[in-house]
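J.: Just dropping this structure here.
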Amino acid sequence: MTTIETRPHDVLIIGAGGAGLRAAVACIEAGHSVGVVCKSLLGKAHTVMAEGGMAASLAHVDDRDGWTTHFRDTMVGGYRLNNPRMAELHAKEAPERVRELEEWGAVFDRTKDGRILQRPFGGHTYPRLAHVGDRTGLELIRTLQDRSVAVGAQVYQEVIITRLSMKDGQVNGAVGYRRLDGAPVAFPAKAVVLASGGVGRAFAVTSNSWESSGDGQGLAYRSGAEFIDMEFVQFHPTGMVHPAGVKGLLVTEAVRGEGGILRNADGKRFMWDYLPEARRDEYAATDEEARAWVDDLTEGRQSSHRRPPELSTRDNVARAIYTEVKEGRGSPHGGVFLDISYLPAERVRAKLPSMYEQFKELADVDITAGPMEVGPTMHYIMGGIKVDAEIGQTTTPGLYAAGEVAAGLHGSNRLGGNSLTDLLVFGRRAGEAAAQAAAATEAMPELDQGFVDESIAAMYAPFEREAGEDPNGLHAELQATMSSLVGIFRVEEDLTQAIERIDGYKERWQGLRVTGPRRFNPAWDLVFELRNMLVVAEAIARSALARQESRGAHSRLDFPGQQEGWDEVNVHTLRGDGGMVVEQRPVVELPAELAEHVAPKVPAKV
């Protein structure tokens, strides 16, 4: 029997980004004890790297906007594979959540009459993104961090959660260890909320921070929860391509939202060549019309012109850039050129301060004087843990999820800016639901001693092996496999090979060995992160193999275009007796009262 430090709470929240902190506030306001666990420092979550803004139909810049248009844009952008109830709730509640942030002290850019300013983004009909220059995620985290601490959240920093505890089929806590000293910690809880973010570190080139290793997804899978839509991985069109040390670092869509132009090595503005015929009339037809739209934006006028082609959806722009580079029209470092230097320098520096500093310091490029070099970078996963639209409950009792770790809102492709309001809307809902579940449970659970002992033994096993493989080498192989075989364009042969490799990686994981001290040992942390990344990598590859068409962020060269019937199913992945199981199930039906707000389906083979 092993003695272990125990920290009981009514609700345990794993992850301290936007979703986790908003859930914590909701739980505490409902009168419950909340523990927030994060594997880095409070305020360091990947949410801080969200730059361009948060989407909400405030209608401050264009009074034609409203929740029905936001709902339509989200559904059309997701190619109607979204959960329509989640898209409805998000569109309706996002404005209130943004105003709530403002009440809690968030500082936004302002219109001339003092209201929250909004900028345009790809796929949004009207300027909709409330922002703070290009540092919106940082302001969101600052505000929620202050609020959650003020109301009494107990935060456990730099803790790695390795297992969820279960009794009678229900989650009742978690165990992990402190990175500071390697000591094990147990967290009994009446309900658990997963808010751990994305999976970017499974890929070699990503805009994600080091925290994004699929931890919540792995924990949920091993507890029996289901995934949905894992084939849909979003490659942001614009990441830095040089220097090599910062390859993949995000170049916010706000650059294009403020008028940035994409050109290839020949100087051609190429995005007109890649607009789907079914939606071509939504975009400016000439340079002159696109510039008139930018002029209206610069002057704060409601524009009657169509938006520039660079504001096509992210999946479309990413594929366009990839194709230009592959066909030999790329920039010197393997990307394309993104240019906003034709606008007044003072405006660029005011609207995009982080981008100006980022390129100046890291690439010695002045974006007010010349173009940036950019290329696609793995950015976001639309798929994740399947949750109830209303309350964020997973298919495992006692377990809730919100934010990027969860799925359903975005369908097959996420619109920029929807992620930040997703955190707010569904973080709050999951927190309130977890609080209600805690209120219905009288006694604080006690973790089974056998489970605790087994968990501690598994934690320290990598140190006790006399021989074994370094986790860093296995991680590099996984990243190379995902980037080369499960990237922007996919084929059956590559996906099958990727699955075979991942099966081998899972076997090799069993023999990973770690040396050195337990205190702040990144190789030890990587052992458990790799276990989670292997789960999400397999789910992505198997789901991508199952979906025999191209839709949204999923592109199959052997099944080009949208195929009949695939708009009617979501791909689910779950744990079976013999391993991971893949199933096709009908999409959530679009109610008639919502269908009238959605444009006709995008025709097949666009």
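Scheme for the structure tokens: letters A, B, ... for chains in order shown; per-chain residue numbers from 1; ligand numbers from 1 in order shown.
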Per residue of range 284-329 of chain A within 12 Å of range 107-112 of chain A, record the nearest atom pair and its distance in Å to one decimal, counting only C-alpha atoms, with rows in chain order and ascending residue number, as JSON lines.
T.:
```
{"residue": "A:Leu297", "atom": "CA", "partner": "A:Thr111", "partner_atom": "CA", "distance": 11.6}
{"residue": "A:Thr298", "atom": "CA", "partner": "A:Thr111", "partner_atom": "CA", "distance": 11.7}
{"residue": "A:Glu299", "atom": "CA", "partner": "A:Lys112", "partner_atom": "CA", "distance": 10.3}
{"residue": "A:Gly300", "atom": "CA", "partner": "A:Thr111", "partner_atom": "CA", "distance": 7.9}
{"residue": "A:Arg301", "atom": "CA", "partner": "A:Thr111", "partner_atom": "CA", "distance": 10.7}
```
J.: Residues as selected, N, CA and C atoms, written as a PDB file, in the first residue's frame, can you do that?
T.:
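Written file, result24.pdb:
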```pdb
ATOM      1  N   LEU A 297     -13.034  48.711 -45.123  1.00  0.00           N
ATOM      2  CA  LEU A 297     -12.636  48.189 -43.823  1.00  0.00           C
ATOM      3  C   LEU A 297     -11.744  49.190 -43.101  1.00  0.00           C
ATOM      4  N   THR A 298     -10.776  49.736 -43.823  1.00  0.00           N
ATOM      5  CA  THR A 298      -9.825  50.677 -43.226  1.00  0.00           C
ATOM      6  C   THR A 298     -10.525  51.914 -42.685  1.00  0.00           C
ATOM      7  N   GLU A 299     -11.555  52.349 -43.390  1.00  0.00           N
ATOM      8  CA  GLU A 299     -12.283  53.550 -42.985  1.00  0.00           C
ATOM      9  C   GLU A 299     -13.424  53.256 -42.017  1.00  0.00           C
ATOM     10  N   GLY A 300     -13.613  51.992 -41.685  1.00  0.00           N
ATOM     11  CA  GLY A 300     -14.669  51.635 -40.748  1.00  0.00           C
ATOM     12  C   GLY A 300     -16.059  51.701 -41.350  1.00  0.00           C
ATOM     13  N   ARG A 301     -16.138  51.581 -42.684  1.00  0.00           N
ATOM     14  CA  ARG A 301     -17.439  51.654 -43.354  1.00  0.00           C
ATOM     15  C   ARG A 301     -18.022  50.262 -43.559  1.00  0.00           C
TER      16      ARG A 301
END
```
J.: Find the nearest atom pair between each residue of range 318-417 of chain A and range 164-186 of chain A for residues within 12 Å, count only C-alpha atoms, give distances in Å to one decimal, sort rows by chain and ascending number, and present the table as a tab-separated table.
T.:
```
residue	atom	partner	partner_atom	distance
A:Gln393	CA	A:Val171	CA	11.7
A:Thr394	CA	A:Val171	CA	10.8
A:Thr395	CA	A:Gln170	CA	10.2
A:Thr396	CA	A:Gln170	CA	6.6
A:Pro397	CA	A:Gln170	CA	4.9
A:Gly398	CA	A:Val171	CA	5.0
A:Leu399	CA	A:Val171	CA	6.1
A:Tyr400	CA	A:Val171	CA	9.8
```
J.: Could you take the residues named above and write them with N, CA and C atoms, as a short mmCIF file (atom, residue, chain, number, x, y, z; two decimals), in the first residue's frame?
T.:
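What follows is the written file selection13.cif:
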```
data_model
loop_
_atom_site.label_atom_id
_atom_site.label_comp_id
_atom_site.auth_asym_id
_atom_site.auth_seq_id
_atom_site.Cartn_x
_atom_site.Cartn_y
_atom_site.Cartn_z
N GLN A 393 -21.57 16.41 -21.57
CA GLN A 393 -21.27 15.11 -20.98
C GLN A 393 -20.79 14.15 -22.06
N THR A 394 -19.74 13.40 -21.77
CA THR A 394 -19.25 12.40 -22.69
C THR A 394 -20.11 11.15 -22.58
N THR A 395 -19.73 10.12 -23.33
CA THR A 395 -20.47 8.86 -23.24
C THR A 395 -20.07 8.04 -22.02
N THR A 396 -19.11 8.55 -21.23
CA THR A 396 -18.74 7.92 -19.97
C THR A 396 -19.34 8.72 -18.81
N PRO A 397 -20.15 8.13 -17.96
CA PRO A 397 -20.77 8.86 -16.85
C PRO A 397 -19.73 9.53 -15.96
N GLY A 398 -20.08 10.73 -15.50
CA GLY A 398 -19.21 11.48 -14.62
C GLY A 398 -18.12 12.26 -15.31
N LEU A 399 -18.03 12.15 -16.65
CA LEU A 399 -16.96 12.79 -17.40
C LEU A 399 -17.55 13.77 -18.41
N TYR A 400 -17.06 15.01 -18.37
CA TYR A 400 -17.52 16.08 -19.25
C TYR A 400 -16.32 16.61 -20.05
#
```
J.: Apply DSSP to the structure's backbone, then extract all residues of range 197-414 of chain A labelled helix (DSSP H, G or I) and return them as JSON, numbers by chain.
T.: {"A": [200, 201, 202, 215, 216, 217, 218, 219, 220, 221, 222, 244, 245, 246, 254, 255, 256, 257, 270, 271, 272, 273, 274, 277, 278, 279, 280, 281, 282, 287, 288, 289, 290, 291, 292, 293, 294, 295, 296, 297, 298, 309, 310, 311, 314, 315, 316, 317, 318, 319, 320, 321, 322, 323, 324, 325, 326, 345, 346, 347, 348, 349, 350, 351, 353, 354, 355, 356, 357, 358, 359, 360, 361, 362, 363, 403, 404, 405]}
J.: Quick one: everything within 8 Å of range 129-138 of chain A, counting only C-alpha atoms, minus sequence neighbours fewer than 6 positions away in the same chain. Send it as an mmCIF file with all heavy atoms, in the first residue's frame.
T.:
```
data_model
loop_
_atom_site.group_PDB
_atom_site.id
_atom_site.type_symbol
_atom_site.label_atom_id
_atom_site.label_comp_id
_atom_site.auth_asym_id
_atom_site.auth_seq_id
_atom_site.Cartn_x
_atom_site.Cartn_y
_atom_site.Cartn_z
ATOM 1 N N THR A 47 -4.378 28.543 -25.375
ATOM 2 C CA THR A 47 -5.350 29.586 -25.726
ATOM 3 C C THR A 47 -4.678 30.945 -25.933
ATOM 4 O O THR A 47 -5.143 31.747 -26.746
ATOM 5 C CB THR A 47 -6.424 29.714 -24.621
ATOM 6 O OG1 THR A 47 -7.024 28.434 -24.404
ATOM 7 C CG2 THR A 47 -7.509 30.704 -25.007
ATOM 8 N N VAL A 48 -3.590 31.202 -25.231
ATOM 9 C CA VAL A 48 -2.927 32.506 -25.370
ATOM 10 C C VAL A 48 -2.397 32.721 -26.775
ATOM 11 O O VAL A 48 -2.141 33.863 -27.187
ATOM 12 C CB VAL A 48 -1.779 32.691 -24.356
ATOM 13 C CG1 VAL A 48 -2.251 32.501 -22.938
ATOM 14 C CG2 VAL A 48 -0.609 31.753 -24.656
ATOM 15 N N MET A 49 -2.233 31.644 -27.548
ATOM 16 C CA MET A 49 -1.678 31.765 -28.884
ATOM 17 C C MET A 49 -2.735 32.038 -29.946
ATOM 18 O O MET A 49 -2.419 32.215 -31.118
ATOM 19 C CB MET A 49 -0.886 30.503 -29.235
ATOM 20 C CG MET A 49 0.261 30.253 -28.259
ATOM 21 S SD MET A 49 1.234 28.781 -28.620
ATOM 22 C CE MET A 49 2.184 29.360 -30.031
ATOM 23 N N ALA A 50 -4.012 32.063 -29.537
ATOM 24 C CA ALA A 50 -5.086 32.461 -30.451
ATOM 25 C C ALA A 50 -5.016 33.967 -30.629
ATOM 26 O O ALA A 50 -5.054 34.709 -29.653
ATOM 27 C CB ALA A 50 -6.437 32.041 -29.892
ATOM 28 N N GLU A 51 -4.927 34.427 -31.850
ATOM 29 C CA GLU A 51 -4.568 35.819 -32.075
ATOM 30 C C GLU A 51 -5.683 36.687 -32.655
ATOM 31 O O GLU A 51 -5.935 37.805 -32.203
ATOM 32 C CB GLU A 51 -3.341 35.862 -33.011
ATOM 33 C CG GLU A 51 -2.134 35.199 -32.392
ATOM 34 C CD GLU A 51 -1.019 34.917 -33.384
ATOM 35 O OE1 GLU A 51 -1.310 34.723 -34.575
ATOM 36 O OE2 GLU A 51 0.145 34.887 -32.966
ATOM 37 N N GLY A 52 -6.375 36.196 -33.669
ATOM 38 C CA GLY A 52 -7.198 37.074 -34.487
ATOM 39 C C GLY A 52 -8.472 37.596 -33.872
ATOM 40 O O GLY A 52 -8.883 38.718 -34.153
ATOM 41 N N GLY A 53 -9.142 36.800 -33.028
ATOM 42 C CA GLY A 53 -10.380 37.281 -32.432
ATOM 43 C C GLY A 53 -11.339 36.167 -32.085
ATOM 44 O O GLY A 53 -11.078 34.997 -32.334
ATOM 45 N N MET A 54 -12.462 36.543 -31.487
ATOM 46 C CA MET A 54 -13.506 35.598 -31.099
ATOM 47 C C MET A 54 -14.800 35.969 -31.814
ATOM 48 O O MET A 54 -15.226 37.126 -31.818
ATOM 49 C CB MET A 54 -13.687 35.577 -29.579
ATOM 50 C CG MET A 54 -13.956 36.910 -28.939
ATOM 51 S SD MET A 54 -13.908 36.841 -27.117
ATOM 52 C CE MET A 54 -12.141 36.900 -26.821
ATOM 53 N N ALA A 55 -15.403 34.953 -32.455
ATOM 54 C CA ALA A 55 -16.547 35.199 -33.324
ATOM 55 C C ALA A 55 -17.847 35.293 -32.539
ATOM 56 O O ALA A 55 -18.199 34.391 -31.778
ATOM 57 C CB ALA A 55 -16.660 34.084 -34.366
ATOM 58 N N ALA A 56 -18.560 36.396 -32.722
ATOM 59 C CA ALA A 56 -19.859 36.603 -32.083
ATOM 60 C C ALA A 56 -20.619 37.641 -32.891
ATOM 61 O O ALA A 56 -20.054 38.664 -33.292
ATOM 62 C CB ALA A 56 -19.692 37.067 -30.644
ATOM 63 N N VAL A 107 -10.203 43.968 -22.257
ATOM 64 C CA VAL A 107 -10.011 45.202 -23.022
ATOM 65 C C VAL A 107 -10.038 44.854 -24.506
ATOM 66 O O VAL A 107 -9.179 44.115 -24.999
ATOM 67 C CB VAL A 107 -8.671 45.863 -22.664
ATOM 68 C CG1 VAL A 107 -8.458 47.116 -23.504
ATOM 69 C CG2 VAL A 107 -8.614 46.189 -21.183
ATOM 70 N N PHE A 108 -11.019 45.372 -25.245
ATOM 71 C CA PHE A 108 -11.149 45.114 -26.668
ATOM 72 C C PHE A 108 -10.805 46.366 -27.475
ATOM 73 O O PHE A 108 -10.901 47.496 -26.974
ATOM 74 C CB PHE A 108 -12.588 44.697 -27.011
ATOM 75 C CG PHE A 108 -12.978 43.335 -26.507
ATOM 76 C CD1 PHE A 108 -13.666 43.182 -25.310
ATOM 77 C CD2 PHE A 108 -12.666 42.197 -27.232
ATOM 78 C CE1 PHE A 108 -14.029 41.932 -24.843
ATOM 79 C CE2 PHE A 108 -13.017 40.937 -26.777
ATOM 80 C CZ PHE A 108 -13.706 40.809 -25.579
ATOM 81 N N ASP A 109 -10.420 46.148 -28.743
ATOM 82 C CA ASP A 109 -10.347 47.274 -29.672
ATOM 83 C C ASP A 109 -11.750 47.829 -29.859
ATOM 84 O O ASP A 109 -12.745 47.097 -29.738
ATOM 85 C CB ASP A 109 -9.773 46.825 -31.017
ATOM 86 C CG ASP A 109 -8.277 46.523 -30.948
ATOM 87 O OD1 ASP A 109 -7.697 46.690 -29.862
ATOM 88 O OD2 ASP A 109 -7.707 46.140 -31.985
ATOM 89 N N ILE A 116 -17.322 47.409 -29.042
ATOM 90 C CA ILE A 116 -16.298 46.409 -29.369
ATOM 91 C C ILE A 116 -16.145 46.341 -30.888
ATOM 92 O O ILE A 116 -17.117 46.129 -31.614
ATOM 93 C CB ILE A 116 -16.670 45.035 -28.801
ATOM 94 C CG1 ILE A 116 -16.678 45.070 -27.267
ATOM 95 C CG2 ILE A 116 -15.699 43.961 -29.287
ATOM 96 C CD1 ILE A 116 -17.195 43.781 -26.624
ATOM 97 N N LEU A 117 -14.920 46.488 -31.360
ATOM 98 C CA LEU A 117 -14.651 46.428 -32.796
ATOM 99 C C LEU A 117 -14.621 44.973 -33.259
ATOM 100 O O LEU A 117 -14.202 44.086 -32.514
ATOM 101 C CB LEU A 117 -13.312 47.104 -33.097
ATOM 102 C CG LEU A 117 -12.893 47.207 -34.575
ATOM 103 C CD1 LEU A 117 -13.892 48.041 -35.360
ATOM 104 C CD2 LEU A 117 -11.486 47.792 -34.677
ATOM 105 N N GLN A 118 -15.048 44.739 -34.495
ATOM 106 C CA GLN A 118 -15.057 43.393 -35.065
ATOM 107 C C GLN A 118 -14.383 43.410 -36.430
ATOM 108 O O GLN A 118 -14.566 44.351 -37.206
ATOM 109 C CB GLN A 118 -16.491 42.863 -35.190
ATOM 110 C CG GLN A 118 -17.182 42.721 -33.837
ATOM 111 C CD GLN A 118 -18.607 42.252 -33.971
ATOM 112 O OE1 GLN A 118 -19.523 43.050 -34.143
ATOM 113 N NE2 GLN A 118 -18.808 40.945 -33.905
ATOM 114 N N ARG A 119 -13.614 42.343 -36.714
ATOM 115 C CA ARG A 119 -12.912 42.252 -37.994
ATOM 116 C C ARG A 119 -13.417 41.045 -38.793
ATOM 117 O O ARG A 119 -13.969 40.102 -38.227
ATOM 118 C CB ARG A 119 -11.396 42.149 -37.788
ATOM 119 C CG ARG A 119 -10.931 40.915 -37.077
ATOM 120 C CD ARG A 119 -9.415 40.652 -37.259
ATOM 121 N NE ARG A 119 -8.563 41.771 -37.075
ATOM 122 C CZ ARG A 119 -7.646 41.906 -36.103
ATOM 123 N NH1 ARG A 119 -7.509 40.935 -35.194
ATOM 124 N NH2 ARG A 119 -6.870 42.958 -36.030
ATOM 125 N N PRO A 120 -13.221 41.061 -40.095
ATOM 126 C CA PRO A 120 -13.650 39.930 -40.928
ATOM 127 C C PRO A 120 -12.659 38.768 -40.860
ATOM 128 O O PRO A 120 -11.466 38.966 -40.625
ATOM 129 C CB PRO A 120 -13.683 40.535 -42.337
ATOM 130 C CG PRO A 120 -12.673 41.632 -42.301
ATOM 131 C CD PRO A 120 -12.692 42.178 -40.906
ATOM 132 N N PHE A 121 -13.171 37.560 -41.074
ATOM 133 C CA PHE A 121 -12.359 36.350 -41.158
ATOM 134 C C PHE A 121 -12.951 35.454 -42.238
ATOM 135 O O PHE A 121 -14.121 35.597 -42.623
ATOM 136 C CB PHE A 121 -12.358 35.616 -39.811
ATOM 137 C CG PHE A 121 -11.056 35.683 -39.057
ATOM 138 C CD1 PHE A 121 -10.345 36.856 -38.959
ATOM 139 C CD2 PHE A 121 -10.552 34.557 -38.413
ATOM 140 C CE1 PHE A 121 -9.158 36.926 -38.238
ATOM 141 C CE2 PHE A 121 -9.371 34.611 -37.689
ATOM 142 C CZ PHE A 121 -8.660 35.797 -37.602
ATOM 143 N N THR A 252 -1.377 34.819 -37.914
ATOM 144 C CA THR A 252 -2.822 34.914 -37.724
ATOM 145 C C THR A 252 -3.596 35.246 -38.995
ATOM 146 O O THR A 252 -3.136 36.006 -39.854
ATOM 147 C CB THR A 252 -3.152 35.965 -36.646
ATOM 148 O OG1 THR A 252 -4.577 36.129 -36.573
ATOM 149 C CG2 THR A 252 -2.536 37.310 -36.975
ATOM 150 N N ALA A 254 -5.844 37.147 -39.085
ATOM 151 C CA ALA A 254 -6.123 38.580 -39.038
ATOM 152 C C ALA A 254 -5.318 39.341 -40.090
ATOM 153 O O ALA A 254 -5.742 40.406 -40.557
ATOM 154 C CB ALA A 254 -5.810 39.135 -37.651
ATOM 155 N N ALA A 350 -0.421 48.968 -35.718
ATOM 156 C CA ALA A 350 -1.486 49.114 -34.727
ATOM 157 C C ALA A 350 -2.410 47.902 -34.704
ATOM 158 O O ALA A 350 -2.833 47.445 -33.634
ATOM 159 C CB ALA A 350 -2.293 50.383 -35.010
ATOM 160 N N LYS A 351 -2.731 47.381 -35.885
ATOM 161 C CA LYS A 351 -3.676 46.275 -35.977
ATOM 162 C C LYS A 351 -3.012 44.915 -35.762
ATOM 163 O O LYS A 351 -3.664 43.959 -35.326
ATOM 164 C CB LYS A 351 -4.366 46.286 -37.350
ATOM 165 C CG LYS A 351 -5.351 47.425 -37.536
ATOM 166 C CD LYS A 351 -6.553 47.234 -36.630
ATOM 167 C CE LYS A 351 -7.620 48.285 -36.859
ATOM 168 N NZ LYS A 351 -8.805 48.054 -35.986
ATOM 169 N N LEU A 352 -1.719 44.795 -36.085
ATOM 170 C CA LEU A 352 -1.032 43.509 -36.032
ATOM 171 C C LEU A 352 0.298 43.635 -35.287
ATOM 172 O O LEU A 352 1.359 43.293 -35.820
ATOM 173 C CB LEU A 352 -0.795 42.990 -37.457
ATOM 174 C CG LEU A 352 -2.042 42.845 -38.342
ATOM 175 C CD1 LEU A 352 -1.653 42.712 -39.797
ATOM 176 C CD2 LEU A 352 -2.873 41.642 -37.884
ATOM 177 N N PRO A 353 0.261 44.107 -34.058
ATOM 178 C CA PRO A 353 1.520 44.345 -33.343
ATOM 179 C C PRO A 353 2.332 43.077 -33.107
ATOM 180 O O PRO A 353 3.561 43.091 -33.220
ATOM 181 C CB PRO A 353 1.066 44.975 -32.022
ATOM 182 C CG PRO A 353 -0.348 44.526 -31.845
ATOM 183 C CD PRO A 353 -0.921 44.474 -33.229
ATOM 184 N N SER A 354 1.669 41.980 -32.787
ATOM 185 C CA SER A 354 2.398 40.741 -32.540
ATOM 186 C C SER A 354 3.054 40.218 -33.813
ATOM 187 O O SER A 354 4.192 39.724 -33.789
ATOM 188 C CB SER A 354 1.471 39.674 -31.961
ATOM 189 O OG SER A 354 1.071 39.996 -30.651
ATOM 190 N N MET A 355 2.330 40.318 -34.930
ATOM 191 C CA MET A 355 2.899 39.850 -36.199
ATOM 192 C C MET A 355 4.099 40.697 -36.600
ATOM 193 O O MET A 355 5.122 40.185 -37.080
ATOM 194 C CB MET A 355 1.842 39.879 -37.307
ATOM 195 C CG MET A 355 0.760 38.836 -37.180
ATOM 196 S SD MET A 355 1.365 37.130 -37.253
ATOM 197 C CE MET A 355 1.481 36.731 -35.496
ATOM 198 N N GLY A 417 -11.959 32.025 -35.404
ATOM 199 C CA GLY A 417 -12.666 32.813 -34.402
ATOM 200 C C GLY A 417 -13.735 32.051 -33.662
ATOM 201 O O GLY A 417 -14.131 32.434 -32.553
ATOM 202 N N LEU A 420 -12.596 30.431 -29.947
ATOM 203 C CA LEU A 420 -12.573 31.150 -28.678
ATOM 204 C C LEU A 420 -13.961 31.271 -28.062
ATOM 205 O O LEU A 420 -14.123 31.149 -26.839
ATOM 206 C CB LEU A 420 -11.932 32.525 -28.850
ATOM 207 C CG LEU A 420 -10.422 32.526 -29.110
ATOM 208 C CD1 LEU A 420 -9.867 33.941 -29.070
ATOM 209 C CD2 LEU A 420 -9.680 31.654 -28.101
#
```
J.: Mind pulling up the distance from CA of Leu250 in chain A to CA of Gln497 in chain A?
T.: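 CA of Gln497 in chain A sits 29.5 Å away from CA of Leu250 in chain A.
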J.: Between A:Ala401, A:Leu262, A:Cys38, A:Leu144, which has the minimum distance to Tyr156 in chain A (counting only C-alpha atoms)?
T.: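 Looking only at the distances to Tyr156 in chain A, the closest residue turns out to be A:Cys38.
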J.: Using only C-alpha atoms, pick whichever of A:Pro95, A:Gly334, A:Gly473, A:Gly427 has the shortest atom-to-atom distance to Leu530 in chain A.
T.: A:Gly473
J.: Please identify every residue of range 101-144 of chain A that has at least one atom no farther than 10 Å from an atom of range 304-319 of chain A, counting only C-alpha atoms, and for each give the shortest atom pair and the distance in Å to one decimal, arranged by chain then increasing number, as a Markdown table.
T.:
```
| residue | atom | partner | partner_atom | distance |
| --- | --- | --- | --- | --- |
| A:Pro120 | CA | A:Leu311 | CA | 8.3 |
| A:Phe121 | CA | A:Leu311 | CA | 6.2 |
| A:Gly122 | CA | A:Leu311 | CA | 4.0 |
| A:Gly123 | CA | A:Thr313 | CA | 5.1 |
| A:His124 | CA | A:Leu311 | CA | 8.6 |
| A:Thr125 | CA | A:Arg307 | CA | 8.7 |
| A:Tyr126 | CA | A:Arg307 | CA | 9.3 |
```
J.: Restrict the selected residues to N, CA and C atoms and save them as a CSV table (one decimal), in the first residue's frame.
T.:
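The new file again06.csv reads:
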```csv
chain,number,residue,atom,x,y,z
A,120,PRO,N,-13.2,41.1,-40.1
A,120,PRO,CA,-13.6,39.9,-40.9
A,120,PRO,C,-12.7,38.8,-40.9
A,121,PHE,N,-13.2,37.6,-41.1
A,121,PHE,CA,-12.4,36.3,-41.2
A,121,PHE,C,-13.0,35.5,-42.2
A,122,GLY,N,-12.1,34.5,-42.7
A,122,GLY,CA,-12.6,33.6,-43.8
A,122,GLY,C,-13.8,32.8,-43.4
A,123,GLY,N,-14.8,32.8,-44.3
A,123,GLY,CA,-16.0,32.0,-44.1
A,123,GLY,C,-17.1,32.7,-43.3
A,124,HIS,N,-16.8,33.9,-42.7
A,124,HIS,CA,-17.8,34.6,-42.0
A,124,HIS,C,-18.4,35.7,-43.0
A,125,THR,N,-19.7,35.7,-43.1
A,125,THR,CA,-20.4,36.6,-44.0
A,125,THR,C,-20.1,38.1,-43.7
A,126,TYR,N,-20.1,38.4,-42.4
A,126,TYR,CA,-19.8,39.8,-42.0
A,126,TYR,C,-18.7,39.9,-41.0
```
J.: In terms of the shortest atom-to-atom distance over only C-alpha atoms, which of A:Ala290, A:Met240, A:Val159, A:Ala153 is closest to Leu362 in chain A?
T.: A:Met240
J.: Leaving out Ser455 in chain A and any residue of its chain fewer than 2 positions from it, which residues lie within 8 Å of it when counting only C-alpha atoms, given as a ChimeraX atom specification?
T.: /A:162-163,175,451-453,457-459
J.: Let's have the selection written as a PDB file, in the first residue's frame, with N, CA and C atoms.
T.:
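The result, stored in part31.pdb:
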```pdb
ATOM      1  N   THR A 162      -2.105  11.046 -15.281  1.00  0.00           N
ATOM      2  CA  THR A 162      -1.806   9.822 -16.030  1.00  0.00           C
ATOM      3  C   THR A 162      -3.005   8.899 -16.196  1.00  0.00           C
ATOM      4  N   ARG A 163      -3.960   8.935 -15.251  1.00  0.00           N
ATOM      5  CA  ARG A 163      -5.104   8.024 -15.353  1.00  0.00           C
ATOM      6  C   ARG A 163      -6.344   8.655 -14.722  1.00  0.00           C
ATOM      7  N   VAL A 175      -5.495  10.454 -11.085  1.00  0.00           N
ATOM      8  CA  VAL A 175      -4.194  10.415 -10.418  1.00  0.00           C
ATOM      9  C   VAL A 175      -3.129  10.941 -11.372  1.00  0.00           C
ATOM     10  N   PHE A 451      -6.178   0.498  -7.282  1.00  0.00           N
ATOM     11  CA  PHE A 451      -6.007   1.363  -8.455  1.00  0.00           C
ATOM     12  C   PHE A 451      -4.879   2.359  -8.232  1.00  0.00           C
ATOM     13  N   VAL A 452      -4.825   2.942  -7.047  1.00  0.00           N
ATOM     14  CA  VAL A 452      -3.777   3.905  -6.737  1.00  0.00           C
ATOM     15  C   VAL A 452      -2.402   3.251  -6.800  1.00  0.00           C
ATOM     16  N   ASP A 453      -2.270   2.089  -6.178  1.00  0.00           N
ATOM     17  CA  ASP A 453      -0.981   1.390  -6.181  1.00  0.00           C
ATOM     18  C   ASP A 453      -0.549   1.034  -7.598  1.00  0.00           C
ATOM     19  N   ALA A 457       2.773   2.490  -9.649  1.00  0.00           N
ATOM     20  CA  ALA A 457       3.752   1.565 -10.223  1.00  0.00           C
ATOM     21  C   ALA A 457       3.955   1.843 -11.710  1.00  0.00           C
ATOM     22  N   ALA A 458       2.863   2.120 -12.423  1.00  0.00           N
ATOM     23  CA  ALA A 458       2.958   2.423 -13.856  1.00  0.00           C
ATOM     24  C   ALA A 458       3.680   3.746 -14.096  1.00  0.00           C
ATOM     25  N   MET A 459       3.486   4.718 -13.209  1.00  0.00           N
ATOM     26  CA  MET A 459       4.174   6.003 -13.337  1.00  0.00           C
ATOM     27  C   MET A 459       5.691   5.838 -13.330  1.00  0.00           C
TER      28      MET A 459
END
```
J.: With a distance cut-off of 7 Å and only C-alpha atoms, select the neighbouring residues of Val374 in chain A, excluding the residue or stretch itself and same-chain residues fewer than 2 positions from it, and output the selection as a PyMOL selection string.
T.: chain A and resi 238-241+335-338+372
J.: Show me, as JSON, numbers by chain, the residues that have an atom within 10 Å of Ala476 in chain A when counting only C-alpha atoms, minus same-chain residues fewer than 4 positions from it.
T.: {"A": [201, 202, 203, 204, 471, 472, 480, 481]}
J.: Expressed in Å to a single decimal, how great is the separation between CA of Val205 in chain A and CA of Gly248 in chain A?
T.: 5.2 Å
J.: Here is a test: counting only C-alpha atoms, which residue of A:Lys326, A:Phe463, A:Leu343, A:Ala278 is nearest to Arg291 in chain A?
T.: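 Checking each candidate against Arg291 in chain A, we get A:Leu343 as the closest.
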J.: Contacts of range 224-226 of chain A at 7 Å or less, counting only C-alpha atoms, minus same-chain residues fewer than 4 places along, as a PyMOL selection string?
T.: chain A and resi 220+385-386+394-396+572-575
